[in-house]
Number of protein chains: 2
Amino acid sequence: MVGEPTGAEPGEISARLSKVRRKVIILSGKGGVGKSTVTANLAAALAQRGRSVGVFDYDFHGPAMARMLGASGQLRGIPGGVFPVEGVLGVKVVSMAFLLPDERTPVVWRGPLKLKALRELMSLVIWGELDYLLFDLPPGTGDEALNIAQNIPGLDGAIVVTIPSEVSEVAVEKSAEFCKMLNIPLLGVVENMSYLRCPHCGRIVELFGREAGERISEVEGIPLLAKIPLEPELARCMDRGEPIVLCDPSSEASGAFLDLASRLEEMLPP
Amino acid sequence: MVGEPTGAEPGEISARLSKVRRKVIILSGKGGVGKSTVTANLAAALAQRGRSVGVFDYDFHGPAMARMLGASGQLRGIPGGVFPVEGVLGVKVVSMAFLLPDERTPVVWRGPLKLKALRELMSLVIWGELDYLLFDLPPGTGDEALNIAQNIPGLDGAIVVTIPSEVSEVAVEKSAEFCKMLNIPLLGVVENMSYLRCPHCGRIVELFGREAGERISEVEGIPLLAKIPLEPELARCMDRGEPIVLCDPSSEASGAFLDLASRLEEMLPP
């Protein structure tokens, strides 16, 4: 069902993950807060800092990770399983996008099929040695989040992503509650699109209200790991498959992602 | 299961919707493109233009419609069913938010439960006479989109919402394909967060790449119904439960939403 590459043989999910040192899920309560952008750029920043990194894109309906990390092509199958596709900086990517006939085909699957696909795919992937494996999930606390929480052994924690607005804050706190219900340690919150520096006049514009990151951090008693500015260049880089640490290394956003990577390494040493 | 208000009695979904003249779903392929913001502000703009409007918020994981339309309180049950909650400008809102114990509780439901909740709720709601009923769905083409498409009789069409970036464009085209697969007429595309006018210097900043709206319109052969600017005021108004047509009626965004309402009325006269 998941495209079964020639010769691949399923193994145990836990065996497949045995050489992966840290497993982190990236969550948001609400869509469009830039969760995928944060995942892709955090992965690239960790790789830039010399870590071996993998990303599993479990968003069936809008898989963006492959494109954002410049990973194109197919999962290569051998008798022992399938290999991830390498993107920029050697980041290993496995995405639903690789199993679709083309980028524009919608996946109209209900929950049970998505669980089957997860288990099949994770039992095939030869990740090898990894310092960090990041799981990018669709927004919300639906089937995908439950499936990952219940089927991936030994999750080290979750990062929740918000934008500064109150609407996002409320939605993100549900993800925090979700983690508590499922005993997944909450590592911290990332506030994305915190502000824009006008490229014409250089002044700061707060685009989406303010300080949801601080409020979530306080309410949940977890650290505010980063405030990422909105930079028009970031979307353009992502469209071209180039994380900001490569595309515009001197930008504020690039610095923010490298700091975020460093904080994650402190919290979860590889 | 859906909180069953005292005395309410289920009816047929189609009978409940018999006096609703136009039923439109609002879709996006990708989260965070502002689909809920577009739905709430389009609803308010239609109401401002004298139409009777209802909104059904079928996003279990991040229901934002009630807050965005200033509709607080509970669905009131009577022996014949339940009444929507009235928000600003008399917009009638039914949202999962009304059935949750508090705003911060996550709904950890799998697909079949969501279908049951949809059918139960829609068989109870006394919409009365409405010119337009808008359905706000979560991003993607998963359970919720399928449930609505297969259980709400006589959908008049769908509006797809995108931001200007290519990543969003690809995701949104999946929603367009989804509509074709399910024979839902595609009314057009709304490009949200098209640009920002810097509040300090007044110059235009393209925040998220450009022109996905135009490209989708061309590829799908559907009209580009509106280009909505990103205005920091819009997020603040939404957080306060005030649509932009009330909160800042002279703004560019307010004008864009009133134009969008007018175009919808032309395409689907009430």
# chains A, B, ... in the order shown; residues from 1 in each chain; ligands from 1
$ residues_around --residues "Leu75 in chain B" --least-positions-apart "2" --cutoff "10 Å" --atoms "only C-alpha atoms" --output "PyMOL selection string"
chain B and resi 3-5+72-73+77-78+81-86+93-95+98-99+125
$ select_by_dssp --residues "range 26-144 of chain B" --states "strand (DSSP E or B)" --output "list of chain:residue names"
B:Ile26, B:Leu27, B:Val53, B:Gly54, B:Val55, B:Phe56, B:Asp57, B:Arg76, B:Gly77, B:Ile78, B:Gly81, B:Val82, B:Phe83, B:Val85, B:Glu86, B:Lys92, B:Val93, B:Val94, B:Ser95, B:Val125, B:Leu130, B:Asp131, B:Tyr132, B:Leu133, B:Leu134, B:Phe135, B:Asp136
$ residues_around --residues "Thr162 in chain B" --least-positions-apart "4" --cutoff "10 Å" --atoms "only C-alpha atoms" --output "list in words"
Leu27, Ser28, Gly29, Lys30, Gly31, Gly32, Val33, Gly34, Lys35, Glu166, Val167, Ser168, Glu169, Val170, Ala171, Val172, Glu173, Val189, Val190, Glu191, Asn192, Met193, Ser194, Glu211, Ala212, Gly213, Ile216 and Lys227 of chain B
$ atom_distance --atom1 "CA of Ala15 in chain B" --atom2 "CA of Met181 in chain B"
26.2 Å
$ select_by_dssp --residues "range 127-179 of chain B" --states "helix (DSSP H, G or I)" --output "mmCIF file with all heavy atoms, in the first residue's frame"
data_model
loop_
_atom_site.group_PDB
_atom_site.id
_atom_site.type_symbol
_atom_site.label_atom_id
_atom_site.label_comp_id
_atom_site.auth_asym_id
_atom_site.auth_seq_id
_atom_site.Cartn_x
_atom_site.Cartn_y
_atom_site.Cartn_z
ATOM 1 N N ASP B 143 -10.269 13.080 7.035
ATOM 2 C CA ASP B 143 -11.596 12.656 7.467
ATOM 3 C C ASP B 143 -12.630 13.768 7.413
ATOM 4 O O ASP B 143 -13.748 13.571 6.947
ATOM 5 C CB ASP B 143 -11.523 12.139 8.911
ATOM 6 C CG ASP B 143 -10.914 10.745 8.967
ATOM 7 O OD1 ASP B 143 -11.660 9.775 8.779
ATOM 8 O OD2 ASP B 143 -9.701 10.646 9.183
ATOM 9 N N GLU B 144 -12.271 14.955 7.912
ATOM 10 C CA GLU B 144 -13.268 16.008 8.022
ATOM 11 C C GLU B 144 -13.789 16.421 6.650
ATOM 12 O O GLU B 144 -14.996 16.574 6.448
ATOM 13 C CB GLU B 144 -12.698 17.228 8.745
ATOM 14 C CG GLU B 144 -12.462 17.009 10.240
ATOM 15 C CD GLU B 144 -11.106 16.396 10.558
ATOM 16 O OE1 GLU B 144 -10.465 15.829 9.641
ATOM 17 O OE2 GLU B 144 -10.682 16.477 11.721
ATOM 18 N N ALA B 145 -12.883 16.598 5.700
ATOM 19 C CA ALA B 145 -13.298 17.028 4.368
ATOM 20 C C ALA B 145 -14.193 15.967 3.724
ATOM 21 O O ALA B 145 -15.244 16.272 3.145
ATOM 22 C CB ALA B 145 -12.072 17.315 3.500
ATOM 23 N N LEU B 146 -13.789 14.709 3.870
ATOM 24 C CA LEU B 146 -14.605 13.618 3.330
ATOM 25 C C LEU B 146 -15.968 13.558 3.996
ATOM 26 O O LEU B 146 -16.999 13.382 3.340
ATOM 27 C CB LEU B 146 -13.908 12.272 3.575
ATOM 28 C CG LEU B 146 -13.011 11.734 2.477
ATOM 29 C CD1 LEU B 146 -12.409 10.410 2.925
ATOM 30 C CD2 LEU B 146 -13.800 11.517 1.191
ATOM 31 N N ASN B 147 -15.969 13.702 5.319
ATOM 32 C CA ASN B 147 -17.229 13.628 6.054
ATOM 33 C C ASN B 147 -18.220 14.685 5.571
ATOM 34 O O ASN B 147 -19.399 14.403 5.366
ATOM 35 C CB ASN B 147 -16.996 13.819 7.558
ATOM 36 C CG ASN B 147 -16.273 12.632 8.187
ATOM 37 O OD1 ASN B 147 -16.178 11.570 7.583
ATOM 38 N ND2 ASN B 147 -15.759 12.822 9.395
ATOM 39 N N ILE B 148 -17.731 15.909 5.426
ATOM 40 C CA ILE B 148 -18.609 16.988 4.978
ATOM 41 C C ILE B 148 -19.098 16.708 3.561
ATOM 42 O O ILE B 148 -20.291 16.779 3.258
ATOM 43 C CB ILE B 148 -17.872 18.352 5.015
ATOM 44 C CG1 ILE B 148 -17.593 18.781 6.460
ATOM 45 C CG2 ILE B 148 -18.673 19.428 4.280
ATOM 46 C CD1 ILE B 148 -18.753 19.387 7.199
ATOM 47 N N ALA B 149 -18.158 16.345 2.681
ATOM 48 C CA ALA B 149 -18.525 16.125 1.282
ATOM 49 C C ALA B 149 -19.579 15.032 1.155
ATOM 50 O O ALA B 149 -20.471 15.107 0.319
ATOM 51 C CB ALA B 149 -17.279 15.777 0.473
ATOM 52 N N GLN B 150 -19.485 14.013 2.006
ATOM 53 C CA GLN B 150 -20.376 12.868 1.860
ATOM 54 C C GLN B 150 -21.650 12.958 2.707
ATOM 55 O O GLN B 150 -22.568 12.166 2.523
ATOM 56 C CB GLN B 150 -19.613 11.580 2.211
ATOM 57 C CG GLN B 150 -18.491 11.293 1.199
ATOM 58 C CD GLN B 150 -17.588 10.145 1.618
ATOM 59 O OE1 GLN B 150 -17.598 9.738 2.779
ATOM 60 N NE2 GLN B 150 -16.796 9.641 0.680
ATOM 61 N N ASN B 151 -21.703 13.922 3.617
ATOM 62 C CA ASN B 151 -22.853 13.954 4.526
ATOM 63 C C ASN B 151 -23.681 15.224 4.492
ATOM 64 O O ASN B 151 -24.743 15.277 5.106
ATOM 65 C CB ASN B 151 -22.392 13.701 5.968
ATOM 66 C CG ASN B 151 -21.962 12.260 6.162
ATOM 67 O OD1 ASN B 151 -22.804 11.395 6.356
ATOM 68 N ND2 ASN B 151 -20.671 12.002 6.054
ATOM 69 N N GLU B 166 4.897 28.921 -3.147
ATOM 70 C CA GLU B 166 4.782 27.733 -3.981
ATOM 71 C C GLU B 166 4.417 26.502 -3.152
ATOM 72 O O GLU B 166 3.674 25.639 -3.609
ATOM 73 C CB GLU B 166 6.144 27.513 -4.660
ATOM 74 C CG GLU B 166 6.052 27.005 -6.071
ATOM 75 C CD GLU B 166 7.442 26.877 -6.674
ATOM 76 O OE1 GLU B 166 8.211 27.868 -6.611
ATOM 77 O OE2 GLU B 166 7.765 25.799 -7.190
ATOM 78 N N VAL B 167 4.964 26.418 -1.929
ATOM 79 C CA VAL B 167 4.643 25.277 -1.068
ATOM 80 C C VAL B 167 3.133 25.240 -0.814
ATOM 81 O O VAL B 167 2.495 24.189 -0.886
ATOM 82 C CB VAL B 167 5.414 25.354 0.278
ATOM 83 C CG1 VAL B 167 4.857 24.339 1.273
ATOM 84 C CG2 VAL B 167 6.906 25.096 0.061
ATOM 85 N N SER B 168 2.549 26.403 -0.548
ATOM 86 C CA SER B 168 1.106 26.456 -0.333
ATOM 87 C C SER B 168 0.359 26.120 -1.611
ATOM 88 O O SER B 168 -0.631 25.392 -1.600
ATOM 89 C CB SER B 168 0.699 27.844 0.167
ATOM 90 O OG SER B 168 -0.699 27.971 0.176
ATOM 91 N N GLU B 169 0.853 26.606 -2.726
ATOM 92 C CA GLU B 169 0.200 26.362 -4.016
ATOM 93 C C GLU B 169 0.048 24.867 -4.275
ATOM 94 O O GLU B 169 -1.028 24.385 -4.627
ATOM 95 C CB GLU B 169 1.046 27.010 -5.123
ATOM 96 C CG GLU B 169 0.504 26.806 -6.518
ATOM 97 C CD GLU B 169 1.505 27.279 -7.585
ATOM 98 O OE1 GLU B 169 2.527 27.912 -7.208
ATOM 99 O OE2 GLU B 169 1.274 27.007 -8.767
ATOM 100 N N VAL B 170 1.142 24.132 -4.085
ATOM 101 C CA VAL B 170 1.106 22.695 -4.333
ATOM 102 C C VAL B 170 0.073 22.029 -3.433
ATOM 103 O O VAL B 170 -0.725 21.200 -3.869
ATOM 104 C CB VAL B 170 2.509 22.077 -4.089
ATOM 105 C CG1 VAL B 170 2.441 20.568 -4.071
ATOM 106 C CG2 VAL B 170 3.486 22.559 -5.152
ATOM 107 N N ALA B 171 0.058 22.436 -2.153
ATOM 108 C CA ALA B 171 -0.880 21.841 -1.207
ATOM 109 C C ALA B 171 -2.321 22.190 -1.578
ATOM 110 O O ALA B 171 -3.225 21.350 -1.491
ATOM 111 C CB ALA B 171 -0.554 22.308 0.209
ATOM 112 N N VAL B 172 -2.535 23.432 -1.997
ATOM 113 C CA VAL B 172 -3.893 23.869 -2.315
ATOM 114 C C VAL B 172 -4.420 23.159 -3.561
ATOM 115 O O VAL B 172 -5.602 22.837 -3.646
ATOM 116 C CB VAL B 172 -3.933 25.402 -2.496
ATOM 117 C CG1 VAL B 172 -5.233 25.830 -3.140
ATOM 118 C CG2 VAL B 172 -3.778 26.079 -1.134
ATOM 119 N N GLU B 173 -3.544 22.869 -4.492
ATOM 120 C CA GLU B 173 -4.018 22.172 -5.696
ATOM 121 C C GLU B 173 -4.527 20.773 -5.380
ATOM 122 O O GLU B 173 -5.348 20.228 -6.102
ATOM 123 C CB GLU B 173 -2.942 22.169 -6.771
ATOM 124 C CG GLU B 173 -2.831 23.571 -7.353
ATOM 125 C CD GLU B 173 -1.984 23.654 -8.603
ATOM 126 O OE1 GLU B 173 -1.384 22.648 -8.980
ATOM 127 O OE2 GLU B 173 -1.956 24.755 -9.187
ATOM 128 N N LYS B 174 -4.042 20.214 -4.259
ATOM 129 C CA LYS B 174 -4.608 18.939 -3.831
ATOM 130 C C LYS B 174 -6.059 19.096 -3.421
ATOM 131 O O LYS B 174 -6.901 18.235 -3.678
ATOM 132 C CB LYS B 174 -3.817 18.370 -2.658
ATOM 133 C CG LYS B 174 -2.435 17.991 -3.063
ATOM 134 C CD LYS B 174 -1.696 17.362 -1.913
ATOM 135 C CE LYS B 174 -0.234 17.334 -2.289
ATOM 136 N NZ LYS B 174 0.468 16.217 -1.686
ATOM 137 N N SER B 175 -6.351 20.196 -2.749
ATOM 138 C CA SER B 175 -7.741 20.447 -2.370
ATOM 139 C C SER B 175 -8.601 20.612 -3.615
ATOM 140 O O SER B 175 -9.741 20.156 -3.651
ATOM 141 C CB SER B 175 -7.859 21.709 -1.517
ATOM 142 O OG SER B 175 -7.233 21.512 -0.284
ATOM 143 N N ALA B 176 -8.049 21.246 -4.619
ATOM 144 C CA ALA B 176 -8.786 21.421 -5.864
ATOM 145 C C ALA B 176 -9.077 20.056 -6.493
ATOM 146 O O ALA B 176 -10.209 19.775 -6.911
ATOM 147 C CB ALA B 176 -7.998 22.305 -6.817
ATOM 148 N N GLU B 177 -8.058 19.191 -6.507
ATOM 149 C CA GLU B 177 -8.267 17.843 -7.043
ATOM 150 C C GLU B 177 -9.317 17.079 -6.239
ATOM 151 O O GLU B 177 -10.153 16.375 -6.786
ATOM 152 C CB GLU B 177 -6.947 17.052 -7.016
ATOM 153 C CG GLU B 177 -5.932 17.491 -8.053
ATOM 154 C CD GLU B 177 -6.485 17.452 -9.466
ATOM 155 O OE1 GLU B 177 -7.045 16.412 -9.857
ATOM 156 O OE2 GLU B 177 -6.397 18.488 -10.166
ATOM 157 N N PHE B 178 -9.230 17.252 -4.913
ATOM 158 C CA PHE B 178 -10.190 16.618 -4.015
ATOM 159 C C PHE B 178 -11.625 17.000 -4.400
ATOM 160 O O PHE B 178 -12.525 16.160 -4.471
ATOM 161 C CB PHE B 178 -9.861 17.054 -2.577
ATOM 162 C CG PHE B 178 -10.848 16.632 -1.534
ATOM 163 C CD1 PHE B 178 -10.739 15.399 -0.911
ATOM 164 C CD2 PHE B 178 -11.878 17.477 -1.144
ATOM 165 C CE1 PHE B 178 -11.645 15.013 0.066
ATOM 166 C CE2 PHE B 178 -12.786 17.106 -0.172
ATOM 167 C CZ PHE B 178 -12.671 15.861 0.435
ATOM 168 N N CYS B 179 -11.832 18.285 -4.657
ATOM 169 C CA CYS B 179 -13.174 18.755 -5.033
ATOM 170 C C CYS B 179 -13.635 18.099 -6.327
ATOM 171 O O CYS B 179 -14.792 17.696 -6.451
ATOM 172 C CB CYS B 179 -13.187 20.274 -5.196
ATOM 173 S SG CYS B 179 -13.050 21.140 -3.634
#
$ atom_distance --atom1 "CA of His200 in chain A" --atom2 "CA of Ile228 in chain B"
21.0 Å
$ atom_distance --atom1 "CA of Leu230 in chain A" --atom2 "CA of Tyr195 in chain B"
13.0 Å
$ residues_around --residues "Pro243 in chain A" --least-positions-apart "5" --cutoff "9 Å" --atoms "only C-alpha atoms" --output "list in words"
Thr37, Ala40, Asn41, Leu42, Ala43, Ala44, Ala45, Met68, Leu69, Gly70, Val88, Leu234, Cys237, Met238, Asp248 and Ser254 of chain A
$ residues_around --residues "Phe135 in chain A" --least-positions-apart "2" --cutoff "9 Å" --atoms "only C-alpha atoms" --output "number ranges by chain"
A: 23-27, 39, 54-58, 133, 137, 148
